[in-house]
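Raw contents of entry-v6.csv, CSV, C-alpha atoms:
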chain,number,residue,atom,x,y,z
A,1,MET,CA,57.7,131.3,152.2
A,2,ASP,CA,59.8,134.3,153.3
A,3,GLU,CA,56.9,136.3,154.6
A,4,ILE,CA,57.1,138.1,157.9
A,5,PHE,CA,55.6,136.2,160.8
A,6,THR,CA,54.4,137.7,164.0
A,7,ASP,CA,54.0,136.0,167.4
A,8,ARG,CA,50.7,134.5,166.3
A,9,ASN,CA,52.5,131.2,166.7
A,10,CYS,CA,52.9,131.9,170.4
A,11,GLU,CA,49.6,132.5,171.9
A,12,SER,CA,49.4,132.7,175.7
A,13,ASP,CA,48.1,129.2,176.4
A,14,SER,CA,49.1,127.3,173.2
A,15,ILE,CA,51.7,126.8,170.6
A,16,THR,CA,50.6,126.8,167.0
A,17,HIS,CA,52.4,125.7,163.8
A,18,SER,CA,51.2,125.7,160.2
A,19,GLY,CA,51.1,122.3,158.5
A,20,ILE,CA,49.7,120.4,155.5
A,21,ILE,CA,47.6,117.3,155.8
A,22,LYS,CA,49.6,114.5,154.2
A,23,MET,CA,47.3,111.5,155.0
A,24,VAL,CA,43.9,110.9,156.5
A,25,ASP,CA,42.5,107.7,158.0
A,26,GLU,CA,39.4,107.0,160.1
A,27,ARG,CA,41.1,108.1,163.4
A,28,TYR,CA,43.8,110.6,162.6
A,29,TYR,CA,45.0,113.3,160.3
A,30,TYR,CA,48.8,113.0,159.6
A,31,ILE,CA,50.1,116.5,159.3
A,32,SER,CA,53.5,117.6,158.0
A,33,ILE,CA,54.9,120.4,160.1
A,34,VAL,CA,57.8,122.5,158.7
A,35,SER,CA,59.8,124.7,161.1
A,36,GLN,CA,59.4,128.3,160.4
A,37,LYS,CA,61.8,131.3,160.6
A,38,ALA,CA,59.4,132.9,163.1
A,39,CYS,CA,60.3,130.2,165.6
A,40,SER,CA,63.6,131.9,166.3
A,41,ASN,CA,61.7,134.9,167.7
A,42,CYS,CA,59.1,133.0,169.6
A,43,TYR,CA,59.3,133.0,173.4
A,44,SER,CA,58.1,129.4,173.5
A,45,LYS,CA,60.9,128.0,171.4
A,46,GLY,CA,62.6,126.6,174.5
A,47,ILE,CA,59.7,124.1,175.1
A,48,CYS,CA,58.8,123.5,171.5
A,49,SER,CA,60.7,120.6,169.9
A,50,ILE,CA,59.3,121.4,166.5
A,51,THR,CA,61.8,124.3,166.1
A,52,ASP,CA,64.6,121.7,166.1
A,53,MET,CA,63.2,119.8,163.2
A,54,ASN,CA,63.0,120.4,159.5
A,55,ASP,CA,60.0,118.3,158.7
A,56,GLN,CA,57.9,116.3,161.2
A,57,ILE,CA,54.7,114.3,160.8
A,58,ILE,CA,52.2,114.8,163.6
A,59,GLU,CA,49.1,112.7,164.3
A,60,VAL,CA,46.1,114.8,165.2
A,61,PRO,CA,42.9,113.0,166.3
A,62,ARG,CA,40.1,113.4,163.7
A,63,LYS,CA,36.7,114.7,164.8
A,64,GLN,CA,33.6,113.0,163.5
A,65,ASN,CA,32.2,115.8,161.4
A,66,SER,CA,35.4,117.1,160.1
A,67,ASN,CA,35.7,117.4,156.3
A,68,ARG,CA,39.3,118.2,155.8
A,69,LYS,CA,41.2,116.4,153.1
A,70,VAL,CA,44.8,115.7,152.0
A,71,GLY,CA,46.6,118.9,150.9
A,72,ASP,CA,44.6,121.2,153.1
A,73,GLU,CA,46.7,123.8,155.0
A,74,VAL,CA,45.9,123.8,158.8
A,75,GLU,CA,47.2,125.2,162.0
A,76,VAL,CA,48.1,122.6,164.6
A,77,LEU,CA,47.8,123.6,168.3
A,78,MET,CA,49.3,122.2,171.5
A,79,LYS,CA,48.9,123.5,175.0
A,80,LYS,CA,52.1,125.0,176.4
A,81,SER,CA,51.7,123.1,179.6
A,82,LEU,CA,52.1,119.9,177.6
A,83,GLY,CA,55.3,121.2,176.1
A,84,VAL,CA,56.7,121.8,179.5
A,85,LYS,CA,55.6,118.3,180.6
A,86,ALA,CA,57.3,116.7,177.6
A,87,VAL,CA,60.6,118.6,178.2
A,88,PHE,CA,60.4,117.4,181.9
A,89,LEU,CA,59.8,113.8,181.0
A,90,GLY,CA,62.3,113.7,178.1
A,91,TYR,CA,65.2,115.8,179.4
A,92,ILE,CA,65.0,117.1,183.0
A,93,LEU,CA,63.8,113.9,184.8
A,94,PRO,CA,66.4,111.7,183.1
A,95,PHE,CA,69.1,114.2,183.9
A,96,ILE,CA,68.1,114.2,187.6
A,97,LEU,CA,68.0,110.4,187.5
A,98,LEU,CA,71.4,110.2,185.9
A,99,LEU,CA,73.0,112.7,188.3
A,100,THR,CA,71.5,111.1,191.4
A,101,THR,CA,72.6,107.7,190.3
A,102,LEU,CA,76.1,109.0,189.6
A,103,ILE,CA,76.5,110.6,193.0
A,104,LEU,CA,74.9,107.8,195.0
A,105,THR,CA,76.9,105.1,193.2
A,106,TYR,CA,80.1,106.9,193.6
A,107,ASN,CA,79.5,107.6,197.3
A,108,ILE,CA,78.8,103.9,197.9
A,109,SER,CA,81.4,102.3,195.7
A,110,GLU,CA,84.1,105.1,195.4
A,111,ASN,CA,84.7,103.8,191.9
A,112,GLU,CA,84.3,106.6,189.2
A,113,GLY,CA,84.1,104.1,186.3
A,114,PHE,CA,81.4,102.0,187.9
A,115,ALA,CA,79.5,105.1,189.0
A,116,GLY,CA,79.5,106.4,185.4
A,117,ILE,CA,78.4,103.2,183.8
A,118,ALA,CA,75.7,102.7,186.4
A,119,ALA,CA,74.4,106.3,185.8
A,120,ILE,CA,74.2,105.7,182.0
A,121,PHE,CA,72.6,102.2,182.4
A,122,ILE,CA,69.9,103.6,184.8
A,123,LEU,CA,68.5,105.4,181.8
A,124,ILE,CA,67.7,102.1,180.1
A,125,PRO,CA,64.8,101.2,182.4
A,126,TYR,CA,63.7,104.8,182.5
A,127,TYR,CA,63.3,105.0,178.7
A,128,LEU,CA,61.9,101.4,178.7
A,129,VAL,CA,59.1,102.6,181.0
A,130,LEU,CA,58.4,105.6,178.8
A,131,TYR,CA,58.2,103.2,175.8
A,132,ILE,CA,55.8,100.9,177.6
A,133,LEU,CA,53.7,103.9,178.6
A,134,LYS,CA,53.8,105.4,175.1
A,135,ASP,CA,50.1,104.8,174.4
A,136,ARG,CA,49.1,106.5,177.6
A,137,LEU,CA,51.5,109.4,176.9
A,138,LYS,CA,50.1,109.6,173.4
A,139,SER,CA,46.6,110.2,174.8
A,140,THR,CA,48.1,112.9,177.1
A,141,PHE,CA,50.0,114.8,174.5
A,142,VAL,CA,47.2,115.6,172.1
A,143,PHE,CA,47.4,118.1,169.2
A,144,SER,CA,44.4,119.8,167.7
A,145,ILE,CA,43.5,121.6,164.6
A,146,ARG,CA,42.3,125.2,164.5
Hey, can you dump this file as structure tokens for me?
Amino acid sequence: MDEIFTDRNCESDSITHSGIIKMVDERYYYISIVSQKACSNCYSKGICSITDMNDQIIEVPRKQNSNRKVGDEVEVLMKKSLGVKAVFLGYILPFILLLTTLILTYNISENEGFAGIAAIFILIPYYLVLYILKDRLKSTFVFSIR
């Protein structure tokens, strides 16, 4: 596993990772992705959350005529634009929401404690909305197999 990797994991329009099919059902392949040492040299590592994980199971939609089976080694692809969108929804937008709430609440109430609590609690409805929209987001953030 200590082989030398090139930037093949970092193509211009997609991010790829090697994985092993752990389970197959009629709709999905469940692929285990293990973070690689090459990720530290990849220019996409800032938008790729897989580099922060040791082992992650990813659902990949199964195509009708695909004959892959459990144990097959595959390459999983995701468009870089989807990685940027995921970072925006998961980190940047909540930060902007928190900061805006903190500033507005402090300017209105002039109470730092109340402003801090309001800023933290504003994230509850935000992440609740993301949870409610998880099926829609799941259809947006689609992985594929090469």
Long-range neighbours of Arg62 in chain A as an mmCIF file with C-alpha atoms, in the coordinates of the input, 7 Å cut-off, all atoms listed in the file, 6 positions minimum in chain:
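Final output, result_21.cif:
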data_model
loop_
_atom_site.group_PDB
_atom_site.id
_atom_site.type_symbol
_atom_site.label_atom_id
_atom_site.label_comp_id
_atom_site.auth_asym_id
_atom_site.auth_seq_id
_atom_site.Cartn_x
_atom_site.Cartn_y
_atom_site.Cartn_z
ATOM 1 C CA ARG A 27 41.100 108.100 163.400
ATOM 2 C CA TYR A 28 43.800 110.600 162.600
ATOM 3 C CA TYR A 29 45.000 113.300 160.300
#
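Among A:Lys79, A:Lys63, A:Arg136, A:Lys69, the residue with the shortest atom-to-atom distance to Ile31 in chain A, counting all atoms listed in the file, is A:Lys69.
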Cut-off 12 Å around (58.7, 114.4, 182.8) with only C-alpha atoms: residues as a ChimeraX atom specification: /A:81-97,126-127,129-130,137
Just the residues within 8 Å of range 114-120 of chain A, please, counting all atoms listed in the file, with nothing from its chain fewer than 5 positions along; format it as a count of residues only. 10
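Reported to one decimal place, the separation of CA of Ser66 in chain A from CA of Ile15 in chain A is 21.7 Å.
Compared by their closest atoms to Ser144 in chain A, and using all atoms listed in the file, the residues A:Ile57, A:Ile132, A:Met78, A:Leu123 rank with A:Met78 nearest.
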Do you have the CA of Asp55 in chain A-CA of Ile124 in chain A distance handy? 27.9 Å
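CA of Val70 in chain A is found 5.0 Å from CA of Ile21 in chain A.
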Would you list the contacts of Leu77 in chain A as a list in words, taking every protein, DNA or RNA residue within 7 Å and counting all atoms listed in the file, but skipping same-chain residues closer than 2 positions in sequence? Ser14, Ile15, Thr16, His17, Glu75, Lys79, Phe143, Ser144, Ile145 and Arg146 of chain A
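For the residues A:Leu128, A:Val74, A:Val34, A:Val24, ranking by smallest atom-to-atom distance to Glu59 in chain A using all atoms listed in the file places A:Val24 first.
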